[in-house]
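Participant: So here's model-v9.cif, just mmCIF, C-alpha atoms:
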data_coords
loop_
_atom_site.label_atom_id
_atom_site.label_comp_id
_atom_site.auth_asym_id
_atom_site.auth_seq_id
_atom_site.Cartn_x
_atom_site.Cartn_y
_atom_site.Cartn_z
CA MET A 9 47.50 105.96 83.15
CA GLU A 10 45.04 103.31 84.24
CA PHE A 11 47.07 100.71 82.42
CA PHE A 12 50.13 101.78 84.39
CA ILE A 13 48.37 101.48 87.71
CA GLU A 14 46.72 98.14 86.91
CA HIS A 15 49.85 96.50 85.64
CA ILE A 16 52.27 98.12 88.02
CA VAL A 17 53.87 94.80 88.97
CA ILE A 18 54.55 93.85 85.37
CA ILE A 19 55.96 97.28 84.66
CA ALA A 20 58.15 97.12 87.74
CA VAL A 21 59.53 93.74 86.75
CA LEU A 22 60.10 94.87 83.16
CA THR A 23 61.81 98.10 84.25
CA LEU A 24 64.15 96.36 86.64
CA SER A 25 64.96 93.66 84.08
CA GLY A 26 65.61 96.35 81.48
CA LEU A 27 67.94 98.21 83.83
CA ALA A 28 69.74 94.99 84.75
CA ILE A 29 70.22 94.06 81.09
CA LEU A 30 71.46 97.57 80.28
CA PHE A 31 73.99 97.56 83.12
CA GLY A 32 75.02 94.01 82.27
CA ALA A 33 75.73 95.09 78.72
CA ILE A 34 77.79 98.09 79.92
CA LEU A 35 79.83 95.87 82.23
CA GLY A 36 80.27 93.25 79.53
CA ALA A 37 81.59 95.85 77.11
CA ALA A 38 83.87 97.27 79.81
CA SER A 39 85.32 93.86 80.65
CA VAL A 40 86.25 93.42 76.99
CA LYS A 41 87.68 96.92 76.69
CA PHE A 42 89.61 96.88 79.97
CA LYS A 43 90.81 93.30 79.65
CA VAL A 44 94.09 92.86 81.51
CA GLU A 45 96.56 90.89 79.47
CA GLY A 46 99.10 89.08 81.54
CA ASP A 47 100.07 90.67 84.78
CA PRO A 48 101.48 94.18 84.39
CA LEU A 49 102.83 93.91 87.93
CA VAL A 50 105.29 91.21 86.82
CA GLU A 51 106.79 93.65 84.30
CA GLN A 52 107.19 96.33 86.97
CA ILE A 53 108.87 93.92 89.39
CA ASP A 54 111.09 92.55 86.64
CA ALA A 55 112.26 96.07 85.82
CA LEU A 56 113.47 96.53 89.41
CA LEU A 57 115.44 93.28 89.54
CA PRO A 58 119.12 93.51 88.53
CA GLN A 59 118.74 91.15 85.54
CA THR A 60 121.81 89.13 86.47
CA GLN A 61 119.81 85.93 85.73
CA CYS A 62 122.08 84.32 88.33
CA GLY A 63 119.46 82.02 89.84
CA GLN A 64 120.58 82.60 93.43
CA CYS A 65 116.96 83.23 94.40
CA GLY A 66 116.08 79.65 93.54
CA TYR A 67 114.30 80.57 90.30
CA PRO A 68 115.80 80.11 86.83
CA GLY A 69 116.03 83.85 86.22
CA CYS A 70 114.79 87.31 87.10
CA LYS A 71 111.50 87.04 85.20
CA PRO A 72 110.41 83.78 86.91
CA TYR A 73 111.34 85.31 90.26
CA ALA A 74 109.27 88.40 89.42
CA THR A 75 106.32 86.16 88.55
CA ALA A 76 106.73 84.31 91.85
CA ILE A 77 106.78 87.60 93.80
CA ALA A 78 103.67 88.83 92.01
CA ASP A 79 101.89 85.56 92.84
CA GLY A 80 102.96 85.91 96.47
CA LYS A 81 104.91 82.64 96.29
CA ALA A 82 108.34 84.15 96.97
CA ASP A 83 109.56 86.74 99.41
CA ILE A 84 111.18 89.95 98.17
CA ASN A 85 114.46 89.38 100.02
CA ARG A 86 115.97 86.63 97.88
CA CYS A 87 118.10 88.65 95.47
CA PRO A 88 121.74 88.96 96.61
CA PRO A 89 123.00 90.88 93.55
CA GLY A 90 120.30 93.51 94.04
CA GLY A 91 120.93 93.69 97.76
CA HIS A 92 119.11 96.08 100.04
CA THR A 93 118.48 98.68 97.32
CA THR A 94 116.40 96.21 95.30
CA ILE A 95 114.56 95.03 98.40
CA GLN A 96 113.77 98.66 99.27
CA ALA A 97 112.51 99.39 95.75
CA LEU A 98 110.36 96.25 95.76
CA SER A 99 108.88 97.07 99.14
CA ASP A 100 108.00 100.55 97.89
CA LEU A 101 106.34 99.13 94.79
CA LEU A 102 104.38 96.42 96.55
CA GLY A 103 103.60 98.29 99.75
CA VAL A 104 105.08 95.60 101.97
CA GLU A 105 107.64 95.78 104.72
CA ALA A 106 111.30 95.76 103.64
CA LYS A 107 113.31 93.01 105.31
CA PRO A 108 116.98 92.06 105.40
CA LEU A 109 118.38 89.82 102.71
CA ASP A 110 117.65 86.10 103.20
CA ALA A 111 121.05 84.60 104.02
CA GLU A 112 119.92 81.24 102.62
CA HIS A 113 120.21 82.63 99.12
CA GLY A 114 123.61 84.27 99.49
CA VAL A 115 125.11 87.40 100.90
CA GLU A 116 125.21 90.82 99.36
CA ALA A 117 128.62 91.63 97.92
CA GLU A 118 130.33 94.47 99.76
CA VAL A 119 131.52 95.95 96.50
CA LYS A 120 130.35 95.39 92.98
CA THR A 121 132.65 92.96 91.16
CA VAL A 122 133.23 91.74 87.64
CA ALA A 123 134.85 88.51 86.54
CA TYR A 124 138.33 88.62 85.03
CA ILE A 125 140.00 85.72 83.19
CA ARG A 126 143.77 85.42 83.53
CA GLU A 127 144.17 84.84 79.86
CA ASP A 128 147.55 83.11 79.76
CA GLU A 129 146.24 80.40 82.08
CA CYS A 130 142.99 79.78 80.17
CA ILE A 131 142.88 76.41 78.42
CA GLY A 132 139.82 77.19 76.33
CA CYS A 133 137.43 74.63 77.81
CA THR A 134 134.27 76.78 77.23
CA LYS A 135 132.83 75.68 80.59
CA CYS A 136 132.56 79.24 81.82
CA ILE A 137 130.81 80.27 78.61
CA GLN A 138 128.08 77.72 79.28
CA ALA A 139 127.72 78.90 82.87
CA CYS A 140 127.40 82.59 82.04
CA PRO A 141 123.73 83.65 82.22
CA VAL A 142 124.23 86.90 80.33
CA ASP A 143 126.60 85.80 77.55
CA ALA A 144 129.36 88.08 78.74
CA ILE A 145 132.19 85.64 77.92
CA LEU A 146 133.70 85.48 74.45
CA GLY A 147 135.80 82.60 73.15
CA ALA A 148 135.72 79.22 71.45
CA ALA A 149 136.96 75.70 72.19
CA LYS A 150 140.76 75.54 72.68
CA LEU A 151 140.97 79.27 72.23
CA MET A 152 141.48 81.84 74.91
CA HIS A 153 138.31 83.29 76.53
CA THR A 154 137.74 86.79 77.75
CA ILE A 155 135.01 88.69 79.52
CA VAL A 156 133.06 91.66 78.24
CA GLU A 157 133.27 93.83 81.31
CA SER A 158 130.27 96.01 80.51
CA GLU A 159 128.03 92.92 80.24
CA CYS A 160 129.29 91.09 83.31
CA THR A 161 126.89 91.27 86.25
CA GLY A 162 129.33 89.85 88.81
CA CYS A 163 127.18 86.80 89.60
CA ASP A 164 130.12 84.45 90.35
CA LEU A 165 128.56 81.60 88.35
CA CYS A 166 131.59 81.20 86.06
CA VAL A 167 134.12 80.84 88.89
CA GLU A 168 132.95 77.41 90.00
CA PRO A 169 133.10 75.52 86.68
CA CYS A 170 136.60 76.72 85.69
CA PRO A 171 138.92 73.66 85.87
CA VAL A 172 142.13 75.72 86.17
CA ASP A 173 140.78 78.43 88.49
CA CYS A 174 141.87 81.25 86.23
CA ILE A 175 138.84 83.46 86.89
CA ASP A 176 139.08 86.22 89.48
CA MET A 177 136.33 88.44 90.76
CA LEU A 178 137.76 91.95 90.70
CA PRO A 179 136.08 94.90 92.38
CA VAL A 180 134.96 97.69 90.09
CA ASP A 181 135.40 101.31 90.96
CA GLN A 182 132.16 102.87 92.00
CA PRO A 183 131.19 105.44 89.39
CA LEU A 184 130.24 108.89 90.61
CA SER A 185 126.64 108.33 89.57
CA GLU A 186 126.25 105.48 92.07
CA TRP A 187 127.96 107.12 95.00
CA HIS A 188 125.79 107.84 98.00
CA TRP A 189 126.06 109.08 101.55
CA ASN A 190 126.18 106.56 104.33
CA LEU A 191 122.96 107.01 106.25
CA PRO A 192 123.31 108.02 109.87
CA PRO A 193 122.32 105.24 112.33
CA ALA A 194 118.65 105.20 113.29
CA THR A 195 117.75 107.22 116.37
CA ARG A 196 116.50 104.18 118.24
CA GLU A 197 119.83 102.40 117.76
CA VAL A 198 121.69 105.38 119.15
CA LEU A 199 119.29 105.58 122.08
CA GLY A 200 119.53 101.83 122.64
CA SER A 201 123.30 101.95 122.90
CA MET A 202 123.15 104.68 125.53
CA LYS A 203 123.13 103.87 129.19
CA ALA A 204 120.21 104.94 131.31
CA GLY A 205 120.88 108.38 132.63
CA ASP A 206 122.79 109.45 129.53
CA LEU A 207 119.74 111.19 128.31
CA ILE A 208 117.21 113.19 130.23
CA GLY A 209 113.69 112.51 129.08
CA SER A 210 111.46 109.59 128.32
CA ASP A 211 112.38 106.16 129.59
CA ARG A 212 110.26 104.64 126.85
CA ALA A 213 113.12 104.54 124.38
CA ASN A 214 114.41 101.70 126.50
CA PRO A 215 111.84 98.91 126.90
CA ASP A 216 113.78 97.25 129.71
CA PRO A 217 111.89 97.96 132.98
CA ASN A 218 115.06 97.56 135.09
CA SER A 219 116.79 100.39 133.31
CA SER A 220 113.77 102.67 133.87
CA ALA A 221 114.12 101.92 137.59
CA GLU A 222 117.76 102.84 137.23
CA THR A 223 116.81 106.10 135.55
CA THR A 224 114.49 106.90 138.41
CA LYS A 225 117.24 106.06 140.86
CA SER A 226 119.83 108.20 139.14
CA ASN A 227 117.31 111.02 138.89
CA GLY A 228 116.69 110.59 142.59
CA ASP A 229 120.45 110.73 143.21
CA ARG A 230 120.67 113.90 141.21
CA ALA A 231 117.80 115.41 143.20
CA ALA A 232 119.53 114.40 146.41
CA MET B 19 76.30 130.02 91.76
CA THR B 20 76.18 130.91 95.44
CA GLU B 21 73.76 128.08 95.99
CA LEU B 22 76.11 125.55 94.35
CA PHE B 23 78.99 126.81 96.48
CA THR B 24 76.80 126.50 99.56
CA ILE B 25 76.02 122.87 98.69
CA LEU B 26 79.72 122.13 98.35
CA ILE B 27 80.69 123.72 101.68
CA ALA B 28 77.69 122.17 103.40
CA THR B 29 78.52 118.63 102.27
CA VAL B 30 82.28 118.86 102.74
CA LEU B 31 82.35 120.49 106.16
CA VAL B 32 79.03 121.12 107.86
CA ASN B 33 77.17 117.90 107.02
CA ASN B 34 80.29 115.82 106.50
CA PHE B 35 79.09 112.34 105.65
CA VAL B 36 81.55 110.52 107.86
CA LEU B 37 82.00 112.67 110.94
CA VAL B 38 78.60 114.35 111.19
CA GLN B 39 76.16 111.95 109.52
CA PHE B 40 78.20 108.82 110.41
CA LEU B 41 77.85 107.17 107.00
CA GLY B 42 80.66 105.14 105.45
CA LEU B 43 82.45 104.35 108.69
CA CYS B 44 83.67 100.95 107.47
CA PRO B 45 86.29 102.25 105.00
CA PHE B 46 86.97 105.15 107.38
CA MET B 47 88.29 102.73 109.99
CA GLY B 48 89.43 100.01 107.61
CA VAL B 49 91.56 101.83 105.04
CA SER B 50 93.04 104.51 107.25
CA THR B 51 96.13 102.69 108.55
CA LYS B 52 98.29 103.78 105.60
CA LEU B 53 98.25 107.22 104.05
CA GLU B 54 98.97 105.88 100.58
CA SER B 55 96.03 103.49 100.46
CA ALA B 56 93.83 106.15 102.07
CA VAL B 57 94.60 108.52 99.18
CA GLY B 58 93.78 105.80 96.66
CA MET B 59 90.57 104.87 98.45
CA SER B 60 89.56 108.56 98.63
CA ALA B 61 90.06 109.01 94.90
CA ALA B 62 88.12 105.84 94.08
CA THR B 63 85.28 106.72 96.44
CA THR B 64 85.02 110.32 95.20
CA PHE B 65 84.84 109.04 91.64
CA VAL B 66 82.16 106.48 92.49
CA LEU B 67 80.15 108.92 94.63
CA THR B 68 79.98 111.54 91.88
CA LEU B 69 79.17 109.07 89.13
CA ALA B 70 76.65 107.12 91.22
CA SER B 71 74.95 110.33 92.32
CA VAL B 72 74.49 111.52 88.73
CA CYS B 73 73.46 108.09 87.43
CA SER B 74 70.92 107.51 90.15
CA TYR B 75 69.47 110.98 89.51
CA LEU B 76 69.02 110.05 85.85
CA ILE B 77 67.46 106.68 86.71
CA ASN B 78 65.14 108.28 89.23
CA ASN B 79 63.96 111.10 86.99
CA PHE B 80 63.75 109.37 83.63
CA VAL B 81 62.85 105.79 84.53
CA LEU B 82 61.27 105.54 87.95
CA GLU B 83 59.15 108.71 88.16
CA PRO B 84 57.51 108.46 84.71
CA PHE B 85 56.36 104.92 85.54
CA ASN B 86 55.36 105.74 89.15
CA LEU B 87 57.92 103.25 90.39
CA GLU B 88 59.31 105.27 93.30
CA PHE B 89 59.07 102.18 95.52
CA LEU B 90 61.85 100.62 93.44
CA ARG B 91 64.22 103.44 94.30
CA THR B 92 66.47 101.62 96.76
CA ILE B 93 66.92 98.46 94.71
CA SER B 94 67.58 100.31 91.45
CA PHE B 95 70.05 102.68 93.16
CA ILE B 96 71.91 99.66 94.52
CA LEU B 97 71.99 98.28 90.99
CA VAL B 98 73.43 101.56 89.71
CA ILE B 99 76.05 101.72 92.46
CA ALA B 100 77.13 98.11 91.95
CA THR B 101 77.56 98.76 88.23
CA VAL B 102 79.58 101.93 88.77
CA VAL B 103 81.81 100.18 91.32
CA SER B 104 82.44 97.18 89.05
CA PHE B 105 83.23 99.55 86.21
CA SER B 106 85.75 101.54 88.25
CA LYS B 107 87.29 98.29 89.51
CA MET B 108 87.95 97.19 85.93
CA TYR B 109 89.26 100.63 85.04
CA ILE B 110 91.67 100.74 88.00
CA GLU B 111 92.85 97.18 87.38
CA LYS B 112 93.73 98.14 83.82
CA THR B 113 95.30 101.53 84.42
CA SER B 114 97.01 101.19 87.81
CA PRO B 115 97.88 97.65 88.92
CA VAL B 116 99.75 98.93 91.96
CA LEU B 117 96.77 100.96 93.18
CA TYR B 118 94.62 97.91 92.48
CA ARG B 119 96.91 95.80 94.64
CA VAL B 120 96.88 98.35 97.46
CA LEU B 121 93.11 98.83 97.45
CA GLY B 122 92.49 95.13 96.90
CA ILE B 123 89.27 94.11 98.57
CA TYR B 124 88.25 97.68 99.34
CA ILE B 125 87.05 98.50 95.83
CA PRO B 126 84.15 96.04 95.95
CA LEU B 127 83.52 97.32 99.48
CA ILE B 128 82.58 100.74 98.04
CA THR B 129 79.38 98.99 96.89
CA THR B 130 78.35 98.54 100.48
CA ASN B 131 79.59 101.97 101.56
CA CYS B 132 76.35 103.39 102.84
CA ALA B 133 77.52 106.92 102.04
CA VAL B 134 77.04 106.13 98.36
CA LEU B 135 73.45 104.99 98.76
CA GLY B 136 72.92 107.77 101.29
CA VAL B 137 73.94 110.44 98.77
CA ALA B 138 71.68 108.96 96.09
CA LEU B 139 68.66 108.85 98.41
CA LEU B 140 69.31 112.29 99.93
CA ASN B 141 69.40 113.73 96.41
CA VAL B 142 65.79 112.60 95.96
CA THR B 143 64.74 113.75 99.43
CA ASN B 144 66.22 117.22 98.88
CA SER B 145 64.86 117.27 95.28
CA HIS B 146 68.19 118.29 93.78
CA ASN B 147 68.44 118.93 90.05
CA PHE B 148 71.05 117.34 87.79
CA PHE B 149 73.95 119.69 88.61
CA GLN B 150 73.10 119.85 92.28
CA SER B 151 73.09 116.05 92.40
CA GLY B 152 76.49 115.80 90.81
CA LEU B 153 77.88 118.49 93.08
CA TYR B 154 76.31 116.88 96.13
CA GLY B 155 77.98 113.57 95.29
CA PHE B 156 81.29 115.26 94.53
CA GLY B 157 81.11 117.29 97.77
CA ALA B 158 80.38 114.13 99.73
CA GLY B 159 83.40 112.50 98.09
CA ILE B 160 85.66 115.46 98.88
CA GLY B 161 84.41 115.49 102.47
CA PHE B 162 85.05 111.75 102.76
CA SER B 163 88.54 112.16 101.26
CA LEU B 164 89.35 115.06 103.57
CA VAL B 165 88.56 113.23 106.78
CA LEU B 166 89.95 109.89 105.57
CA ILE B 167 93.31 111.41 104.60
CA LEU B 168 93.52 113.50 107.78
CA PHE B 169 92.63 110.45 109.85
CA ALA B 170 95.12 108.19 108.04
CA ALA B 171 97.90 110.74 108.52
CA MET B 172 97.10 110.88 112.22
CA ARG B 173 96.95 107.10 112.57
CA GLU B 174 100.34 106.70 110.88
CA ARG B 175 101.83 108.90 113.59
CA ILE B 176 99.81 107.28 116.36
CA ALA B 177 101.07 103.84 115.23
CA VAL B 178 104.65 104.76 116.17
CA ALA B 179 103.70 106.72 119.28
CA ASP B 180 103.89 105.08 122.68
CA ALA B 181 100.20 104.72 123.39
CA PRO B 182 99.36 102.68 126.51
CA THR B 183 99.01 99.00 125.58
CA ALA B 184 95.29 98.86 126.25
CA PHE B 185 94.65 101.70 123.78
CA ARG B 186 96.83 100.48 120.90
CA GLY B 187 95.40 99.80 117.45
CA ALA B 188 91.68 100.22 116.86
CA ALA B 189 90.94 101.64 120.32
CA ILE B 190 93.04 104.77 119.93
CA GLY B 191 91.68 105.02 116.37
CA MET B 192 88.11 105.12 117.67
CA ILE B 193 89.01 107.78 120.21
CA THR B 194 90.73 109.85 117.51
CA ALA B 195 87.68 109.52 115.27
CA GLY B 196 85.47 110.68 118.11
CA LEU B 197 87.65 113.73 118.73
CA MET B 198 87.62 114.54 115.00
CA SER B 199 83.84 114.27 115.01
CA LEU B 200 83.69 116.71 117.93
CA ALA B 201 85.95 119.08 116.02
CA PHE B 202 83.69 118.91 112.96
CA MET B 203 80.71 119.83 115.13
CA GLY B 204 82.35 123.24 115.25
CA PHE B 205 81.33 123.77 111.63
CA SER B 206 77.61 123.48 112.35
CA GLY B 207 75.89 126.78 111.76
CA LEU B 208 78.59 127.90 109.31
CA VAL B 209 76.19 127.57 106.40
CA THR B 210 72.43 127.45 106.63
CA LEU B 211 70.59 125.77 103.79
#
Here is a file; write its structure as structure tokens.
Facilitator:
Amino acid sequence: MEFFIEHIVIIAVLTLSGLAILFGAILGAASVKFKVEGDPLVEQIDALLPQTQCGQCGYPGCKPYATAIADGKADINRCPPGGHTTIQALSDLLGVEAKPLDAEHGVEAEVKTVAYIREDECIGCTKCIQACPVDAILGAAKLMHTIVESECTGCDLCVEPCPVDCIDMLPVDQPLSEWHWNLPPATREVLGSMKAGDLIGSDRANPDPNSSAETTKSNGDRAA
Amino acid sequence: MTELFTILIATVLVNNFVLVQFLGLCPFMGVSTKLESAVGMSAATTFVLTLASVCSYLINNFVLEPFNLEFLRTISFILVIATVVSFSKMYIEKTSPVLYRVLGIYIPLITTNCAVLGVALLNVTNSHNFFQSGLYGFGAGIGFSLVLILFAAMRERIAVADAPTAFRGAAIGMITAGLMSLAFMGFSGLVTL
């Protein structure tokens, strides 16, 4: 006991060092066990992208774009084939605000399309085969080419290189599984399109101070 | 059994760490703008509080007291808390990258959440045993989660409400927190320890 009291400083230092070494060892072991290989977030983003590999986002494919999003280098609204559904899914995953598609990188197709080669006009130049990012075009030099419809992502990249313009983008019928209701317009939009006085209640839906004066006036008229 | 239940009720409602004892206000204001991140933060903090409470009890009873080193309590508890936080940070980063991204800088901030150190020190002051310590930490975590999630849900609605310009953002948040604190005063006297 006397020893403890006399050498209390030494014991204190030793105890704290011991604790620090112990905790350091635990953390060291944990950092080996819980080592994060690669970035799992890139995989999750990549899974949400449409895998057209079309390059319209400015990156060579979907995976590089996913990496850029995970690094914060690219915005989430650069994928025209995915359109607003992909942007929505990405914003849910990353917890950031969804924004409209960046027009710089192309516009979202109204309907899903696939490429179709008018086969009697095809000269067999293989240029479209080289352009196709998903290998959906079959054919060989000087032989007719055709498109595997189930593989085609509708990215338009084969239309440009065709020297005889025999490739059409045809709309595909929307399968029942992808059909969805059109959402009703947002309440604010409806309110914004109304004239003052259309609606009894708060004038705050309309930020324009003039219209609130109008509301007051029309209310006054009604009272009169 | 009754005593354990009393501890739980007392820490969650009557002596709520955030609204009655005013500990851990930084994450309470900082992480409460989105319900999703509030839920994640609550889970992480509850986990850390329970684990840190138990660990610091063990350190206090089996290392500090035998060597008469009670004066090292604060520094060794901070050591314990920092370790537990770093450990949970690694665990979350491995298991849930999305949660890790949402919580971001807030996980290391749990280290400086004074509620964690407060629970560890109050365990010693109230001379809790092992199970009581764990329950005290867990109760504190549940209480923290309860008010943080309630507050975040309210702030999400307040954010889209037409508050007067001068009150927008943090100001209306502070007022809401004050009103919640008043409401929690209603629990005082519910349980007497």
Participant: Specify as a list in words each residue included when the PyMOL selection byres ((chain B and resi 131) around 10) is applied to this file.
Facilitator: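 Selection result, ordered by chain and number: Leu41, Gly42, Leu43, Cys44, Pro45, Phe46, Thr63, Leu67, Ile99, Tyr124, Pro126, Leu127, Ile128, Thr129, Thr130, Cys132, Ala133, Val134, Leu135 and Gly136 of chain B.
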Participant: How many Å separate CA of Ile53 in chain A from CA of Val180 in chain A?
Facilitator: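 That distance, rounded to one decimal, is 26.4 Å.
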Participant: Would you kindly translate the PyMOL selection byres ((chain A) within 10 of (chain B)) into the concrete residues it picks from this file, as number ranges by chain?
Facilitator: A: 9, 12-13, 16-17, 19-21, 23-24, 27-28, 31-32, 34-45, 47-49, 52, 101-104, 212-213
Participant: Can those selected residues be exported to a file as a compact mmCIF listing (two decimals), keeping the file's coordinate frame so that it contains C-alpha atoms?
Facilitator:
# COMPACT_ATOMS: atom_id res chain seq x y z
CA MET A 9 47.50 105.96 83.15
CA PHE A 12 50.13 101.78 84.39
CA ILE A 13 48.37 101.48 87.71
CA ILE A 16 52.27 98.12 88.02
CA VAL A 17 53.87 94.80 88.97
CA ILE A 19 55.96 97.28 84.66
CA ALA A 20 58.15 97.12 87.74
CA VAL A 21 59.53 93.74 86.75
CA THR A 23 61.81 98.10 84.25
CA LEU A 24 64.15 96.36 86.64
CA LEU A 27 67.94 98.21 83.83
CA ALA A 28 69.74 94.99 84.75
CA PHE A 31 73.99 97.56 83.12
CA GLY A 32 75.02 94.01 82.27
CA ILE A 34 77.79 98.09 79.92
CA LEU A 35 79.83 95.87 82.23
CA GLY A 36 80.27 93.25 79.53
CA ALA A 37 81.59 95.85 77.11
CA ALA A 38 83.87 97.27 79.81
CA SER A 39 85.32 93.86 80.65
CA VAL A 40 86.25 93.42 76.99
CA LYS A 41 87.68 96.92 76.69
CA PHE A 42 89.61 96.88 79.97
CA LYS A 43 90.81 93.30 79.65
CA VAL A 44 94.09 92.86 81.51
CA GLU A 45 96.56 90.89 79.47
CA ASP A 47 100.07 90.67 84.78
CA PRO A 48 101.48 94.18 84.39
CA LEU A 49 102.83 93.91 87.93
CA GLN A 52 107.19 96.33 86.97
CA LEU A 101 106.34 99.13 94.79
CA LEU A 102 104.38 96.42 96.55
CA GLY A 103 103.60 98.29 99.75
CA VAL A 104 105.08 95.60 101.97
CA ARG A 212 110.26 104.64 126.85
CA ALA A 213 113.12 104.54 124.38
Participant: So how far away is CA of Val115 in chain A from CA of Gly90 in chain A, in Å?
Facilitator: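 Computed distance, CA of Gly90 in chain A to CA of Val115 in chain A, equals 10.4 Å.
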Participant: With all atoms listed in the file as the basis for distance, which of A:Glu127, A:Asp83, A:Cys163, A:Thr134 is at the shortest distance from Ala149 in chain A?
Facilitator: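 Ranked by minimum distance to Ala149 in chain A, first place goes to A:Thr134.
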Participant: If you take every atom of range 194-197 of chain B that the file lists and fit an axis-aligned box around them with 4 Å extra on each side, what centre and edge lengths come out in Å to one decimal, as AutoDock Vina command-line options?
Facilitator:
--center_x 88.1 --center_y 111.6 --center_z 117.0 --size_x 13.3 --size_y 12.2 --size_z 11.5
Participant: Could you tell me how far CA of Ser206 in chain B lies from CA of Ile27 in chain B, in Å and to one decimal?
Facilitator: 11.1 Å
Participant: Excluding same-chain residues fewer than 3 positions from Gly157 in chain B, what lies within 12 Å of it counting only C-alpha atoms, as a PyMOL selection string?
Facilitator: chain B and resi 22-35+63-65+67-68+71+133-134+137+149-154+160-164
Participant: Of the candidates A:Cys170, A:Cys136, A:Leu56, A:Tyr124, which one gets nearest to Glu157 in chain A if we count all atoms listed in the file?
Facilitator: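 Closest to Glu157 in chain A, using all atoms listed in the file: A:Tyr124.
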Participant: Give me the residues within 10 Å of Leu53 in chain B as a PyMOL selection string, counting all atoms listed in the file and dropping any in the same chain fewer than 3 places off.
Facilitator: chain B and resi 49-50+56-59+166-174
Participant: Near Cys87 in chain A, counting all atoms listed in the file, which residues have an atom at most 12 Å away, once you skip same-chain residues fewer than 2 positions from it, shown as a ChimeraX atom specification?
Facilitator: /A:54,56-67,69-70,73-74,77,82-85,89-96,98,107-117,163
